[in-house]
>>> print(open('structure.cif').read())   # mmCIF, N, CA and C atoms
data_run
#
loop_
_atom_site.label_atom_id
_atom_site.label_comp_id
_atom_site.auth_asym_id
_atom_site.auth_seq_id
_atom_site.Cartn_x
_atom_site.Cartn_y
_atom_site.Cartn_z
N MET A 13 -3.90 14.63 16.13
CA MET A 13 -4.81 14.63 15.00
C MET A 13 -5.06 13.19 14.56
N SER A 14 -6.31 12.76 14.57
CA SER A 14 -6.61 11.39 14.15
C SER A 14 -6.85 11.35 12.64
N LYS A 15 -6.52 10.23 12.06
CA LYS A 15 -6.66 10.05 10.63
C LYS A 15 -7.95 9.28 10.35
N HIS A 16 -8.59 9.63 9.25
CA HIS A 16 -9.80 8.94 8.83
C HIS A 16 -9.60 8.40 7.42
N VAL A 17 -10.21 7.25 7.13
CA VAL A 17 -10.11 6.64 5.81
C VAL A 17 -11.49 6.22 5.34
N GLY A 18 -11.57 5.84 4.07
CA GLY A 18 -12.80 5.30 3.50
C GLY A 18 -12.83 3.79 3.60
N THR A 19 -13.89 3.20 3.07
CA THR A 19 -14.08 1.75 3.21
C THR A 19 -13.00 0.93 2.49
N THR A 20 -12.58 1.35 1.30
CA THR A 20 -11.59 0.56 0.55
C THR A 20 -10.26 0.50 1.29
N GLU A 21 -9.78 1.65 1.75
CA GLU A 21 -8.50 1.67 2.46
C GLU A 21 -8.60 0.97 3.81
N ALA A 22 -9.71 1.15 4.53
CA ALA A 22 -9.89 0.48 5.82
C ALA A 22 -9.92 -1.03 5.65
N ALA A 23 -10.61 -1.51 4.63
CA ALA A 23 -10.67 -2.96 4.38
C ALA A 23 -9.28 -3.50 4.06
N SER A 24 -8.50 -2.75 3.28
CA SER A 24 -7.14 -3.17 2.95
C SER A 24 -6.27 -3.24 4.20
N LEU A 25 -6.40 -2.25 5.08
CA LEU A 25 -5.63 -2.25 6.33
C LEU A 25 -5.98 -3.44 7.21
N LEU A 26 -7.26 -3.82 7.21
CA LEU A 26 -7.72 -4.95 8.04
C LEU A 26 -7.50 -6.30 7.38
N GLY A 27 -7.23 -6.31 6.09
CA GLY A 27 -7.03 -7.57 5.38
C GLY A 27 -8.34 -8.30 5.10
N ILE A 28 -9.44 -7.55 4.94
CA ILE A 28 -10.74 -8.14 4.63
C ILE A 28 -11.31 -7.46 3.39
N SER A 29 -12.39 -8.00 2.85
CA SER A 29 -13.00 -7.41 1.67
C SER A 29 -13.79 -6.15 2.04
N SER A 30 -13.96 -5.27 1.06
CA SER A 30 -14.76 -4.06 1.28
C SER A 30 -16.19 -4.42 1.64
N ARG A 31 -16.71 -5.47 1.01
CA ARG A 31 -18.09 -5.90 1.29
C ARG A 31 -18.25 -6.31 2.75
N ARG A 32 -17.29 -7.09 3.28
CA ARG A 32 -17.36 -7.51 4.68
C ARG A 32 -17.27 -6.30 5.61
N LEU A 33 -16.42 -5.35 5.28
CA LEU A 33 -16.32 -4.15 6.11
C LEU A 33 -17.63 -3.38 6.11
N ARG A 34 -18.28 -3.26 4.95
CA ARG A 34 -19.57 -2.55 4.90
C ARG A 34 -20.62 -3.27 5.75
N GLN A 35 -20.58 -4.61 5.80
CA GLN A 35 -21.49 -5.35 6.67
C GLN A 35 -21.24 -4.98 8.14
N LEU A 36 -19.96 -4.92 8.52
CA LEU A 36 -19.62 -4.55 9.90
C LEU A 36 -20.04 -3.11 10.21
N LEU A 37 -19.90 -2.22 9.24
CA LEU A 37 -20.32 -0.83 9.41
C LEU A 37 -21.82 -0.73 9.61
N GLU A 38 -22.58 -1.45 8.80
CA GLU A 38 -24.05 -1.43 8.91
C GLU A 38 -24.51 -1.94 10.27
N LYS A 39 -23.75 -2.88 10.87
CA LYS A 39 -24.11 -3.42 12.19
C LYS A 39 -23.58 -2.56 13.33
N GLY A 40 -22.86 -1.47 12.99
CA GLY A 40 -22.34 -0.58 14.03
C GLY A 40 -21.15 -1.13 14.77
N ARG A 41 -20.39 -2.03 14.15
CA ARG A 41 -19.28 -2.68 14.84
C ARG A 41 -17.92 -2.03 14.58
N VAL A 42 -17.89 -0.92 13.86
CA VAL A 42 -16.62 -0.22 13.61
C VAL A 42 -16.60 1.03 14.48
N ARG A 43 -15.70 1.06 15.45
CA ARG A 43 -15.64 2.13 16.45
C ARG A 43 -15.45 3.50 15.79
N GLY A 44 -16.35 4.44 16.11
CA GLY A 44 -16.23 5.81 15.67
C GLY A 44 -16.61 6.09 14.23
N ALA A 45 -17.01 5.07 13.47
CA ALA A 45 -17.34 5.27 12.06
C ALA A 45 -18.70 5.96 11.91
N TYR A 46 -18.81 6.82 10.91
CA TYR A 46 -20.08 7.48 10.64
C TYR A 46 -20.21 7.70 9.14
N LYS A 47 -21.43 7.94 8.72
CA LYS A 47 -21.71 8.12 7.31
C LYS A 47 -21.87 9.61 7.01
N SER A 48 -21.23 10.05 5.94
CA SER A 48 -21.36 11.43 5.47
C SER A 48 -21.91 11.33 4.05
N GLY A 49 -23.20 11.60 3.91
CA GLY A 49 -23.85 11.37 2.62
C GLY A 49 -23.92 9.88 2.36
N LYS A 50 -23.32 9.41 1.27
CA LYS A 50 -23.31 7.97 1.01
C LYS A 50 -21.96 7.33 1.29
N PHE A 51 -21.02 8.09 1.89
CA PHE A 51 -19.69 7.58 2.16
C PHE A 51 -19.47 7.37 3.65
N TRP A 52 -18.74 6.30 3.99
CA TRP A 52 -18.37 6.04 5.37
C TRP A 52 -17.06 6.74 5.69
N ILE A 53 -16.98 7.35 6.86
CA ILE A 53 -15.76 7.96 7.38
C ILE A 53 -15.34 7.10 8.55
N ILE A 54 -14.13 6.51 8.46
CA ILE A 54 -13.69 5.52 9.45
C ILE A 54 -12.41 6.03 10.12
N PRO A 55 -12.45 6.26 11.45
CA PRO A 55 -11.25 6.71 12.15
C PRO A 55 -10.27 5.55 12.37
N LEU A 56 -8.98 5.91 12.44
CA LEU A 56 -7.94 4.91 12.71
C LEU A 56 -7.43 5.08 14.13
N PHE A 57 -7.21 3.98 14.80
CA PHE A 57 -6.64 3.93 16.14
C PHE A 57 -5.39 3.08 16.04
N ASN A 58 -4.21 3.66 16.30
CA ASN A 58 -2.94 2.95 16.10
C ASN A 58 -2.83 2.43 14.68
N ASP A 59 -3.20 3.25 13.72
CA ASP A 59 -3.09 2.97 12.28
C ASP A 59 -4.06 1.91 11.77
N LEU A 60 -5.07 1.51 12.56
CA LEU A 60 -6.05 0.51 12.13
C LEU A 60 -7.45 0.90 12.57
N PRO A 61 -8.48 0.55 11.79
CA PRO A 61 -9.86 0.68 12.29
C PRO A 61 -10.07 -0.33 13.42
N GLN A 62 -10.91 0.01 14.38
CA GLN A 62 -11.20 -0.94 15.47
C GLN A 62 -12.57 -1.56 15.27
N ILE A 63 -12.61 -2.88 15.34
CA ILE A 63 -13.84 -3.64 15.18
C ILE A 63 -14.23 -4.20 16.55
N THR A 64 -15.50 -3.99 16.96
CA THR A 64 -15.96 -4.53 18.23
C THR A 64 -16.39 -5.98 18.05
N LYS A 65 -16.37 -6.72 19.15
CA LYS A 65 -16.74 -8.14 19.09
C LYS A 65 -18.21 -8.31 18.76
N GLY A 66 -18.49 -9.36 18.00
CA GLY A 66 -19.86 -9.71 17.69
C GLY A 66 -20.44 -10.59 18.79
N THR A 67 -21.75 -10.83 18.73
CA THR A 67 -22.40 -11.64 19.75
C THR A 67 -22.53 -13.09 19.33
N ARG A 68 -22.36 -13.37 18.04
CA ARG A 68 -22.54 -14.75 17.55
C ARG A 68 -21.41 -15.09 16.58
N GLY A 69 -21.31 -16.38 16.29
CA GLY A 69 -20.40 -16.82 15.24
C GLY A 69 -18.94 -16.89 15.67
N PRO A 70 -18.09 -17.28 14.71
CA PRO A 70 -16.66 -17.41 15.02
C PRO A 70 -15.99 -16.05 15.20
N LYS A 71 -14.82 -16.10 15.80
CA LYS A 71 -14.03 -14.88 16.01
C LYS A 71 -13.63 -14.30 14.65
N GLY A 72 -13.63 -12.96 14.54
CA GLY A 72 -13.27 -12.30 13.29
C GLY A 72 -11.84 -12.58 12.89
N LYS A 73 -11.60 -12.60 11.58
CA LYS A 73 -10.25 -12.89 11.06
C LYS A 73 -9.69 -11.68 10.33
N TRP A 74 -9.68 -10.54 10.98
CA TRP A 74 -9.09 -9.36 10.38
C TRP A 74 -7.78 -9.05 11.09
N ARG A 75 -7.00 -8.22 10.47
CA ARG A 75 -5.68 -7.86 10.97
C ARG A 75 -5.84 -7.06 12.25
N THR A 76 -5.11 -7.44 13.30
CA THR A 76 -5.16 -6.72 14.57
C THR A 76 -3.82 -6.08 14.89
N THR A 77 -2.81 -6.34 14.06
CA THR A 77 -1.50 -5.72 14.25
C THR A 77 -1.32 -4.64 13.20
N ARG A 78 -0.26 -3.89 13.33
CA ARG A 78 0.01 -2.82 12.37
C ARG A 78 0.12 -3.38 10.95
N PRO A 79 -0.25 -2.56 9.98
CA PRO A 79 -0.14 -3.00 8.59
C PRO A 79 1.32 -3.18 8.20
N PRO A 80 1.56 -3.81 7.04
CA PRO A 80 2.94 -4.00 6.60
C PRO A 80 3.65 -2.65 6.42
N ALA A 81 4.95 -2.72 6.36
CA ALA A 81 5.74 -1.50 6.22
C ALA A 81 5.43 -0.78 4.91
N LEU A 82 5.65 0.50 4.92
CA LEU A 82 5.45 1.32 3.74
C LEU A 82 6.43 0.91 2.66
N ALA A 83 5.94 0.70 1.45
CA ALA A 83 6.80 0.41 0.30
C ALA A 83 6.91 1.66 -0.54
N LYS A 84 8.11 1.93 -1.02
CA LYS A 84 8.35 3.06 -1.93
C LYS A 84 8.83 2.47 -3.25
N ILE A 85 8.11 2.80 -4.31
CA ILE A 85 8.36 2.23 -5.63
C ILE A 85 8.79 3.35 -6.56
N ASN A 86 9.94 3.17 -7.21
CA ASN A 86 10.34 4.17 -8.19
C ASN A 86 10.97 3.52 -9.41
N VAL A 87 11.04 4.29 -10.48
CA VAL A 87 11.63 3.82 -11.73
C VAL A 87 13.01 4.45 -11.86
N ASN A 88 14.02 3.64 -12.08
CA ASN A 88 15.39 4.11 -12.18
C ASN A 88 15.65 4.57 -13.61
N ARG A 89 15.62 5.88 -13.81
CA ARG A 89 15.76 6.42 -15.17
C ARG A 89 17.17 6.22 -15.71
N ASN A 90 18.18 6.12 -14.84
CA ASN A 90 19.54 5.84 -15.32
C ASN A 90 19.63 4.46 -15.92
N ARG A 91 18.97 3.49 -15.32
CA ARG A 91 18.97 2.14 -15.88
C ARG A 91 18.21 2.09 -17.21
N ILE A 92 17.13 2.87 -17.30
CA ILE A 92 16.39 2.91 -18.57
C ILE A 92 17.32 3.41 -19.67
N GLY A 93 18.06 4.48 -19.38
CA GLY A 93 18.99 5.03 -20.37
C GLY A 93 20.08 4.06 -20.75
N SER A 94 20.65 3.37 -19.77
CA SER A 94 21.73 2.42 -20.08
C SER A 94 21.20 1.18 -20.80
N ASN A 95 19.92 0.83 -20.58
CA ASN A 95 19.34 -0.34 -21.26
C ASN A 95 19.10 -0.10 -22.75
N ASN A 96 19.01 1.18 -23.17
CA ASN A 96 18.72 1.49 -24.57
C ASN A 96 19.73 0.88 -25.53
N HIS A 97 20.97 0.73 -25.09
CA HIS A 97 22.03 0.27 -25.98
C HIS A 97 22.45 -1.17 -25.68
N LYS A 98 21.63 -1.90 -24.93
CA LYS A 98 21.97 -3.28 -24.56
C LYS A 98 21.02 -4.26 -25.24
N SER A 99 21.50 -5.47 -25.40
CA SER A 99 20.62 -6.52 -25.93
C SER A 99 19.61 -6.90 -24.85
N PRO A 100 18.45 -7.47 -25.22
CA PRO A 100 17.42 -7.80 -24.22
C PRO A 100 17.92 -8.64 -23.05
N GLU A 101 18.81 -9.58 -23.29
CA GLU A 101 19.29 -10.44 -22.20
C GLU A 101 20.26 -9.73 -21.26
N ASP A 102 20.83 -8.59 -21.69
CA ASP A 102 21.77 -7.84 -20.85
C ASP A 102 21.12 -6.66 -20.12
N ARG A 103 19.85 -6.40 -20.38
CA ARG A 103 19.17 -5.26 -19.75
C ARG A 103 18.93 -5.50 -18.27
N LEU A 104 19.09 -4.45 -17.49
CA LEU A 104 18.87 -4.52 -16.05
C LEU A 104 17.41 -4.15 -15.73
N PRO A 105 16.82 -4.74 -14.68
CA PRO A 105 15.46 -4.36 -14.28
C PRO A 105 15.45 -2.91 -13.80
N VAL A 106 14.35 -2.18 -14.05
CA VAL A 106 14.32 -0.74 -13.80
C VAL A 106 13.37 -0.30 -12.69
N ILE A 107 12.47 -1.14 -12.22
CA ILE A 107 11.53 -0.76 -11.17
C ILE A 107 12.09 -1.21 -9.83
N SER A 108 12.20 -0.28 -8.89
CA SER A 108 12.76 -0.57 -7.57
C SER A 108 11.65 -0.50 -6.53
N VAL A 109 11.57 -1.52 -5.67
CA VAL A 109 10.61 -1.54 -4.55
C VAL A 109 11.42 -1.61 -3.26
N LYS A 110 11.32 -0.55 -2.46
CA LYS A 110 12.04 -0.47 -1.19
C LYS A 110 11.03 -0.63 -0.05
N ARG A 111 11.27 -1.65 0.81
CA ARG A 111 10.39 -1.89 1.96
C ARG A 111 11.21 -2.53 3.07
N SER A 112 11.11 -1.98 4.27
CA SER A 112 11.78 -2.52 5.46
C SER A 112 13.26 -2.77 5.24
N GLY A 113 13.95 -1.85 4.61
CA GLY A 113 15.38 -1.99 4.40
C GLY A 113 15.77 -2.88 3.24
N ASN A 114 14.80 -3.54 2.61
CA ASN A 114 15.09 -4.38 1.44
C ASN A 114 14.83 -3.58 0.17
N ASN A 115 15.57 -3.91 -0.86
CA ASN A 115 15.41 -3.25 -2.15
C ASN A 115 15.40 -4.32 -3.23
N LEU A 116 14.26 -4.47 -3.91
CA LEU A 116 14.14 -5.44 -4.99
C LEU A 116 13.85 -4.73 -6.30
N TYR A 117 14.32 -5.31 -7.39
CA TYR A 117 14.11 -4.75 -8.72
C TYR A 117 13.28 -5.70 -9.56
N GLY A 118 12.57 -5.15 -10.52
CA GLY A 118 11.81 -5.93 -11.49
C GLY A 118 11.45 -5.04 -12.66
N ASN A 119 10.79 -5.62 -13.64
CA ASN A 119 10.37 -4.85 -14.81
C ASN A 119 8.87 -4.62 -14.86
N GLN A 120 8.12 -5.36 -14.05
CA GLN A 120 6.67 -5.19 -14.03
C GLN A 120 6.17 -5.58 -12.64
N ILE A 121 5.33 -4.72 -12.03
CA ILE A 121 4.76 -5.02 -10.72
C ILE A 121 3.26 -4.75 -10.74
N GLU A 122 2.59 -5.35 -9.77
CA GLU A 122 1.17 -5.09 -9.56
C GLU A 122 1.01 -4.70 -8.10
N ILE A 123 0.32 -3.59 -7.85
CA ILE A 123 0.05 -3.13 -6.49
C ILE A 123 -1.35 -3.59 -6.12
N ILE A 124 -1.46 -4.41 -5.08
CA ILE A 124 -2.73 -5.01 -4.69
C ILE A 124 -3.33 -4.16 -3.57
N GLY A 125 -3.97 -3.05 -3.92
CA GLY A 125 -4.59 -2.19 -2.91
C GLY A 125 -4.29 -0.73 -3.17
N PRO A 126 -4.67 0.13 -2.22
CA PRO A 126 -4.50 1.57 -2.41
C PRO A 126 -3.03 1.98 -2.41
N CYS A 127 -2.75 3.06 -3.12
CA CYS A 127 -1.41 3.61 -3.17
C CYS A 127 -1.52 5.10 -3.47
N ARG A 128 -0.40 5.81 -3.38
CA ARG A 128 -0.39 7.22 -3.75
C ARG A 128 0.93 7.54 -4.45
N ILE A 129 0.88 8.54 -5.33
CA ILE A 129 2.07 9.00 -6.04
C ILE A 129 2.56 10.26 -5.34
N VAL A 130 3.86 10.31 -5.04
CA VAL A 130 4.45 11.42 -4.30
C VAL A 130 5.51 12.09 -5.17
N TYR A 131 5.45 13.42 -5.27
CA TYR A 131 6.48 14.20 -5.96
C TYR A 131 7.05 15.18 -4.96
N GLN A 132 8.34 15.02 -4.62
CA GLN A 132 9.01 15.91 -3.67
C GLN A 132 10.38 16.30 -4.23
N PRO A 133 10.41 17.30 -5.10
CA PRO A 133 11.69 17.68 -5.71
C PRO A 133 12.70 18.24 -4.70
N ASP A 134 12.23 18.82 -3.61
CA ASP A 134 13.14 19.40 -2.62
C ASP A 134 13.53 18.42 -1.52
N ASN A 135 12.90 17.25 -1.48
CA ASN A 135 13.21 16.26 -0.46
C ASN A 135 13.21 14.87 -1.10
N PRO A 136 14.21 14.57 -1.96
CA PRO A 136 14.22 13.28 -2.66
C PRO A 136 14.55 12.11 -1.71
N LEU A 137 14.30 10.91 -2.17
CA LEU A 137 14.69 9.71 -1.44
C LEU A 137 16.21 9.60 -1.43
N ASP A 138 16.74 8.70 -0.60
CA ASP A 138 18.19 8.51 -0.53
C ASP A 138 18.79 8.17 -1.89
N CYS A 139 18.03 7.47 -2.72
CA CYS A 139 18.52 7.07 -4.04
C CYS A 139 18.46 8.22 -5.05
N GLY A 140 17.86 9.36 -4.66
CA GLY A 140 17.77 10.51 -5.54
C GLY A 140 16.42 10.67 -6.23
N ALA A 141 15.52 9.71 -6.05
CA ALA A 141 14.21 9.78 -6.70
C ALA A 141 13.40 10.95 -6.16
N ARG A 142 12.79 11.70 -7.05
CA ARG A 142 11.95 12.83 -6.67
C ARG A 142 10.47 12.52 -6.87
N LEU A 143 10.19 11.44 -7.57
CA LEU A 143 8.81 10.98 -7.83
C LEU A 143 8.76 9.48 -7.55
N TRP A 144 7.80 9.05 -6.72
CA TRP A 144 7.68 7.64 -6.40
C TRP A 144 6.25 7.33 -6.01
N ILE A 145 5.97 6.04 -5.85
CA ILE A 145 4.66 5.55 -5.40
C ILE A 145 4.85 4.97 -4.01
N GLU A 146 3.93 5.29 -3.10
CA GLU A 146 3.95 4.73 -1.75
C GLU A 146 2.71 3.86 -1.55
N THR A 147 2.89 2.74 -0.85
CA THR A 147 1.76 1.87 -0.54
C THR A 147 2.07 1.01 0.67
N PHE A 148 1.03 0.69 1.44
CA PHE A 148 1.13 -0.30 2.50
C PHE A 148 0.63 -1.64 1.99
N SER A 149 0.14 -1.66 0.77
CA SER A 149 -0.45 -2.86 0.17
C SER A 149 0.64 -3.81 -0.31
N ASP A 150 0.21 -5.02 -0.67
CA ASP A 150 1.12 -5.99 -1.25
C ASP A 150 1.55 -5.54 -2.63
N VAL A 151 2.81 -5.79 -2.94
CA VAL A 151 3.36 -5.49 -4.26
C VAL A 151 3.86 -6.80 -4.83
N HIS A 152 3.31 -7.20 -5.97
CA HIS A 152 3.69 -8.46 -6.61
C HIS A 152 4.53 -8.18 -7.84
N PHE A 153 5.69 -8.81 -7.91
CA PHE A 153 6.51 -8.72 -9.12
C PHE A 153 5.99 -9.72 -10.13
N ILE A 154 5.83 -9.28 -11.36
CA ILE A 154 5.39 -10.15 -12.44
C ILE A 154 6.64 -10.53 -13.22
N GLY A 155 6.90 -11.82 -13.33
CA GLY A 155 8.10 -12.28 -14.02
C GLY A 155 9.32 -12.37 -13.11
N GLY A 156 9.12 -12.25 -11.80
CA GLY A 156 10.20 -12.40 -10.85
C GLY A 156 10.80 -11.09 -10.40
N SER A 157 11.51 -11.15 -9.26
CA SER A 157 12.19 -9.98 -8.73
C SER A 157 13.66 -10.32 -8.59
N PHE A 158 14.47 -9.27 -8.47
CA PHE A 158 15.91 -9.43 -8.38
C PHE A 158 16.43 -8.60 -7.24
N PRO A 159 17.41 -9.10 -6.48
CA PRO A 159 17.99 -8.29 -5.40
C PRO A 159 18.70 -7.07 -5.99
N ALA A 160 18.87 -6.07 -5.14
CA ALA A 160 19.55 -4.85 -5.58
C ALA A 160 20.99 -5.17 -5.95
N THR A 161 21.44 -4.53 -7.01
CA THR A 161 22.85 -4.66 -7.43
C THR A 161 23.43 -3.28 -7.53
N SER A 162 24.73 -3.20 -7.43
CA SER A 162 25.36 -1.87 -7.49
C SER A 162 25.49 -1.35 -8.90
#
>>> encode(input="structure.cif", output="structure tokens")
Amino acid sequence: MSKHVGTTEAASLLGISSRRLRQLLEKGRVRGAYKSGKFWIIPLFNDLPQITKGTRGPKGKWRTTRPPALAKINVNRNRIGSNNHKSPEDRLPVISVKRSGNNLYGNQIEIIGPCRIVYQPDNPLDCGARLWIETFSDVHFIGGSFPATS
């Protein structure tokens, strides 16, 4: 079963702007893409849209390797509870970002690109989280990040 995405997600996977991707679509340079009404449907090959070579200009600068690893973001409710009775300087960060075996904590993050919220009460993450956010996009910690602590 092949997966299809829209222009925003495809552009994020390729590391280019949505506008540039729409230009490539209009020129017919995205393999297998077609329009349904006013929306583009873009198939993925090895988890990426395929762009054909142009006849002029410099070589394209889009991502040709697999996208970054899936990040799973969750809020540690136990830390929130324990922070209620602590002074501001003793509070622990409560947002956890797990990607490629690394686990970082922070108090504020920004997700740069598409993401989805997952609720799986019968199949929680190893940490016990039943609700989390998944993204292949960049995740930026605002105010710094901290390594996982026990």
>>> resolve_selection(input="structure.cif", expression="the PyMOL selection byres ((chain A and resi 111-122) around 8)", output="ChimeraX atom specification")
/A:80-85,104-110,123-125,149-161
>>> residues_around(input="structure.cif", residues="Arg32 of chain A", least_positions_apart="5", cutoff="8 Å", atoms="all atoms listed in the file", output="list of chain:residue names")
A:Ala23, A:Leu37, A:Glu38
>>> write_last_selection(input="structure.cif", atoms="N, CA and C atoms", output="compact mmCIF listing (two decimals), in the coordinates of the input")
# COMPACT_ATOMS: atom_id res chain seq x y z
N ALA A 23 -10.61 -1.51 4.63
CA ALA A 23 -10.67 -2.96 4.38
C ALA A 23 -9.28 -3.50 4.06
N LEU A 37 -19.90 -2.22 9.24
CA LEU A 37 -20.32 -0.83 9.41
C LEU A 37 -21.82 -0.73 9.61
N GLU A 38 -22.58 -1.45 8.80
CA GLU A 38 -24.05 -1.43 8.91
C GLU A 38 -24.51 -1.94 10.27
>>> select_by_dssp(input="structure.cif", residues="segment 100-136 of chain A", states="strand (DSSP E or B)", output="PDB file with N, CA and C atoms, in the coordinates of the input")
ATOM      1  N   ILE A 107      12.470  -1.140 -12.220  1.00  0.00           N
ATOM      2  CA  ILE A 107      11.530  -0.760 -11.170  1.00  0.00           C
ATOM      3  C   ILE A 107      12.090  -1.210  -9.830  1.00  0.00           C
ATOM      4  N   SER A 108      12.200  -0.280  -8.890  1.00  0.00           N
ATOM      5  CA  SER A 108      12.760  -0.570  -7.570  1.00  0.00           C
ATOM      6  C   SER A 108      11.650  -0.500  -6.530  1.00  0.00           C
ATOM      7  N   VAL A 109      11.570  -1.520  -5.670  1.00  0.00           N
ATOM      8  CA  VAL A 109      10.610  -1.540  -4.550  1.00  0.00           C
ATOM      9  C   VAL A 109      11.420  -1.610  -3.260  1.00  0.00           C
ATOM     10  N   LYS A 110      11.320  -0.550  -2.460  1.00  0.00           N
ATOM     11  CA  LYS A 110      12.040  -0.470  -1.190  1.00  0.00           C
ATOM     12  C   LYS A 110      11.030  -0.630  -0.050  1.00  0.00           C
ATOM     13  N   ARG A 111      11.270  -1.650   0.810  1.00  0.00           N
ATOM     14  CA  ARG A 111      10.390  -1.890   1.960  1.00  0.00           C
ATOM     15  C   ARG A 111      11.210  -2.530   3.070  1.00  0.00           C
ATOM     16  N   ASN A 114      14.800  -3.540   2.610  1.00  0.00           N
ATOM     17  CA  ASN A 114      15.090  -4.380   1.440  1.00  0.00           C
ATOM     18  C   ASN A 114      14.830  -3.580   0.170  1.00  0.00           C
ATOM     19  N   ASN A 115      15.570  -3.910  -0.860  1.00  0.00           N
ATOM     20  CA  ASN A 115      15.410  -3.250  -2.150  1.00  0.00           C
ATOM     21  C   ASN A 115      15.400  -4.320  -3.230  1.00  0.00           C
ATOM     22  N   LEU A 116      14.260  -4.470  -3.910  1.00  0.00           N
ATOM     23  CA  LEU A 116      14.140  -5.440  -4.990  1.00  0.00           C
ATOM     24  C   LEU A 116      13.850  -4.730  -6.300  1.00  0.00           C
ATOM     25  N   TYR A 117      14.320  -5.310  -7.390  1.00  0.00           N
ATOM     26  CA  TYR A 117      14.110  -4.750  -8.720  1.00  0.00           C
ATOM     27  C   TYR A 117      13.280  -5.700  -9.560  1.00  0.00           C
ATOM     28  N   GLY A 118      12.570  -5.150 -10.520  1.00  0.00           N
ATOM     29  CA  GLY A 118      11.810  -5.930 -11.490  1.00  0.00           C
ATOM     30  C   GLY A 118      11.450  -5.040 -12.660  1.00  0.00           C
ATOM     31  N   ILE A 121       5.330  -4.720 -12.030  1.00  0.00           N
ATOM     32  CA  ILE A 121       4.760  -5.020 -10.720  1.00  0.00           C
ATOM     33  C   ILE A 121       3.260  -4.750 -10.740  1.00  0.00           C
ATOM     34  N   GLU A 122       2.590  -5.350  -9.770  1.00  0.00           N
ATOM     35  CA  GLU A 122       1.170  -5.090  -9.560  1.00  0.00           C
ATOM     36  C   GLU A 122       1.010  -4.700  -8.100  1.00  0.00           C
ATOM     37  N   ILE A 123       0.320  -3.590  -7.850  1.00  0.00           N
ATOM     38  CA  ILE A 123       0.050  -3.130  -6.490  1.00  0.00           C
ATOM     39  C   ILE A 123      -1.350  -3.590  -6.120  1.00  0.00           C
ATOM     40  N   ILE A 124      -1.460  -4.410  -5.080  1.00  0.00           N
ATOM     41  CA  ILE A 124      -2.730  -5.010  -4.690  1.00  0.00           C
ATOM     42  C   ILE A 124      -3.330  -4.160  -3.570  1.00  0.00           C
ATOM     43  N   ARG A 128      -0.400   5.810  -3.380  1.00  0.00           N
ATOM     44  CA  ARG A 128      -0.390   7.220  -3.750  1.00  0.00           C
ATOM     45  C   ARG A 128       0.930   7.540  -4.450  1.00  0.00           C
ATOM     46  N   ILE A 129       0.880   8.540  -5.330  1.00  0.00           N
ATOM     47  CA  ILE A 129       2.070   9.000  -6.040  1.00  0.00           C
ATOM     48  C   ILE A 129       2.560  10.260  -5.340  1.00  0.00           C
ATOM     49  N   VAL A 130       3.860  10.310  -5.040  1.00  0.00           N
ATOM     50  CA  VAL A 130       4.450  11.420  -4.300  1.00  0.00           C
ATOM     51  C   VAL A 130       5.510  12.090  -5.170  1.00  0.00           C
ATOM     52  N   TYR A 131       5.450  13.420  -5.270  1.00  0.00           N
ATOM     53  CA  TYR A 131       6.480  14.200  -5.960  1.00  0.00           C
ATOM     54  C   TYR A 131       7.050  15.180  -4.960  1.00  0.00           C
TER      55      TYR A 131
END
>>> resolve_selection(input="structure.cif", expression="the PyMOL selection byres ((chain A and resi 62) around 5)", output="ChimeraX atom specification")
/A:42-43,60-61,63-64
>>> atom_distance(input="structure.cif", atom1="atom CA of Thr19 of chain A", atom2="atom CA of Leu143 of chain A")
27.0 Å
>>> residues_near_point(input="structure.cif", point="(-13.4, 9.1, 9.1)", cutoff="6.5 Å", atoms="all atoms listed in the file", output="list in words")
Lys15, His16, Val17, Gly18, Ala45, Tyr46, Trp52, Ile53, Ile54, Pro55 and Leu56 of chain A
>>> atom_distance(input="structure.cif", atom1="atom C of Ser30 of chain A", atom2="atom N of Pro126 of chain A")
13.0 Å
>>> atom_distance(input="structure.cif", atom1="atom CA of Cys127 of chain A", atom2="atom CA of Leu33 of chain A")
19.2 Å
>>> axis_aligned_box(input="structure.cif", around="segment 111-125 of chain A", padding_each_side="5 Å", output="JSON")
{"center_x": 5.6, "center_y": -3.3, "center_z": -4.7, "size_x": 30.4, "size_y": 15.2, "size_z": 30.3}
>>> resolve_selection(input="structure.cif", expression="the PyMOL selection byres (((chain A and resi 144 and name CA) around 9) and name CA)", output="list of chain:residue names")
A:Lys84, A:Ile85, A:Asn86, A:Val87, A:Arg128, A:Ile129, A:Val130, A:Tyr131, A:Gln132, A:Leu137, A:Ala141, A:Arg142, A:Leu143, A:Ile145, A:Glu146
>>> select_by_dssp(input="structure.cif", residues="segment 42-160 of chain A", states="alpha helix (DSSP H)", output="list in words")
Arg89, Asn90, Arg91, Ile92, Gly93, Ser94 and Asn95 of chain A
